[in-house]
Every structure is written in structure tokens, then in C-alpha cells.
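Okay, so here's the structure we're looking at.
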Amino acid sequence: MTEKIPIGSDHAGYEMKEEIVGYLKELGYEPEDVGTSGPQNVDYPDFAGLVAGMVSRGERKRGILVCGTGLGMSITANKFPNVRAALVMNEEMAGFARTHNDANILALGGKMLGRDKVRAIVKIWLQAEFKGGRHARRVGKIAEIEGRKGYGC
Ligand code: RB5
């Protein structure tokens with residue numbers, strides 16, 4: 001079955017998000033575009049919440065978020081339980097985000113990276129697999145911290 005990948009952006013990530021939607025189709029995935037749908041100013045937390053919510057509730061395995069820098073999207077997405085959003089700037093980080101961190105949201109800076117770099121990052125992040133083992137222990141500790149009363153204390 002074709003994997004559905006929710007994807008969202010703010011205005012600053014809009015053009016890059018459109019580019020990634022097309023690329024996901026090329027790669028054989030089914031992008032679910034939650035917006036934004038044009039260059040008009042919007043607020044990144046609104047779109048981060050739509051994608052991160054779907055991943056957090058287990059409705060989708062993973063998703064992609066794009067803003068100008070990727071910072072606002074990653075900060076917001078990481079407020080959601082079960083979400084591990086990684087802000088990725090290059091191919092090496094894309095690989096580690098999956099193999100070591102089991103990142104289930106890819107956050108990108110649409111104004112920071114060019115089209116070819118983003119395509120390379122997206123492809124690696126989609127195809128690399130979590131290694132488990134000692135990395136599973138570490139990811140488990142993230143979940144344990146998330147579950148503590150008072151969050152992290
Ligand atoms: C919008 O101007 C910009 O702040 C946003 O796209 C993002 O870079 C925030 O982290």
C-alpha cells in the first residue's frame with residue numbers, strides 16, 4: 001500500500017513544500033498536503049500542529065514540515081507526545097535522523113536550502129531505517145522523560 005505522508009508549511013516554506021509534494025509523488029508516496037496553500041502570511045504553529053498531531057496520535061507514521069528556517073516547525077512539533085522532529089540541513093543529518101534518532105518528522109528550512117539538497121535529504125530520510133539496539137535504548141529514554149510528571153523534571 002502507498003504510504004501517506006502528511007506535509008505542511010507556512011508561507012516561507014510554501015514554495016519548497018510544493019516542490020516536495022511533487023517529489024514525494026515521483027518517489028511513489030502519497031503526500032497529504034495540509035497547507036498552507038499560498039504565499040500569504042500565516043503562522044507556522046498552526047500547520048506544525050496539523051502534521052504533528054497526526055503523527056502523535058498514530059494516524060500517520062511520519063510527516064514533513066517546512067518553514068523559513070525549519071526552527072519554528074521543529075520546536076512546535078516536538079511539543080507533541082511521541083513526536084521526534086529533526087531539523088535537517090544536509091544528507092548526513094538526514095541519515096542519522098532516521099538511523100539513530102528514529103525521527104518521525106522531518107523539519108526543513110525552505111529558505112536555507114536549495115531544491116536539489118532538499119530532494120536528496122527527503123529521499124535519504126524516507127529510505128534510511130532505524131538501527132535499533134543502543135539507539136532504541138536512547139530513544140526509549142526520550143519517551144521516559146516525556147512521560148514524567150512535570151515534563152522532564
Ligand atoms: C516566518 O517569517 C518565519 O519566522 C518562519 O518561517 C520560520 O522560519 C520560523 O521558525
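FYI, nothing fancy with the C-alpha cells labels: chains A, B, ... in order, residues from 1 per chain, ligands from 1 as they appear.
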Requested in this report: Could you tell me, as a list in words, which residues of chain A DSSP assigns to strand (DSSP E) when given the backbone?
Outcome: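 Checking each residue of chain A, the strand (DSSP E) ones are Lys4, Ile5, Pro6, Ile7, Gly8, Ser9, Glu30, Pro31, Glu32, Asp33, Gly63, Ile64, Leu65, Val66, Cys67, Ala85, Ala86, Leu87, Ile105, Leu106, Ala107, Leu108 and Gly109 of chain A.
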Query raised in the report: Which residues sit within 6 Å of ligand 1, counting only C-alpha atoms and all ligand atoms, listed as a PyMOL selection string?
Result: chain A and resi 10+12+67-72
Query raised in the report: Pick the closest to Gly38 (chain A) from A:Lys141, A:Lys17, A:Arg57, A:Arg115: which is it, counting only C-alpha atoms?
Result: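 The answer is A:Lys17, which sits nearest to Gly38 (chain A).
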Requested in this report: May I have the residues within 8 Å of region 112-114 of chain A as a count of residues only, using only C-alpha atoms and disregarding those fewer than 2 positions away in the same chain?
Outcome: 8
Requested in this report: Might you pull out every residue within 10 Å of region 82-87 of chain A, with only C-alpha atoms counted and same-chain residues fewer than 3 positions away left off, and present them as a count of residues only?
Outcome: 43
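Of the residues under consideration (A:His135, A:Glu32, A:Ala48, A:Val21), A:Ala48 shows the shortest atom-to-atom contact distance to Ser9 (chain A) when counting only C-alpha atoms.
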Query raised in the report: Any idea what the distance is between CA of Lys149 (chain A) and CA of Phe47 (chain A)?
Result: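 Straight-line distance from CA of Lys149 (chain A) to CA of Phe47 (chain A) works out to 27.4 Å.
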Requested in this report: Please run DSSP on the backbone and report, as a ChimeraX atom specification, all residues within region 59-136 of chain A that come out as alpha helix (DSSP H).
Outcome: /A:71-77,91-99,115-127,134-136
Query raised in the report: With distances taken over only C-alpha atoms, which of A:Leu24, A:Met16, A:Met1, A:Ile7 is nearest to Lys123 (chain A)?
Result: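 Among A:Leu24, A:Met16, A:Met1, A:Ile7, it is A:Leu24 that comes nearest to Lys123 (chain A).
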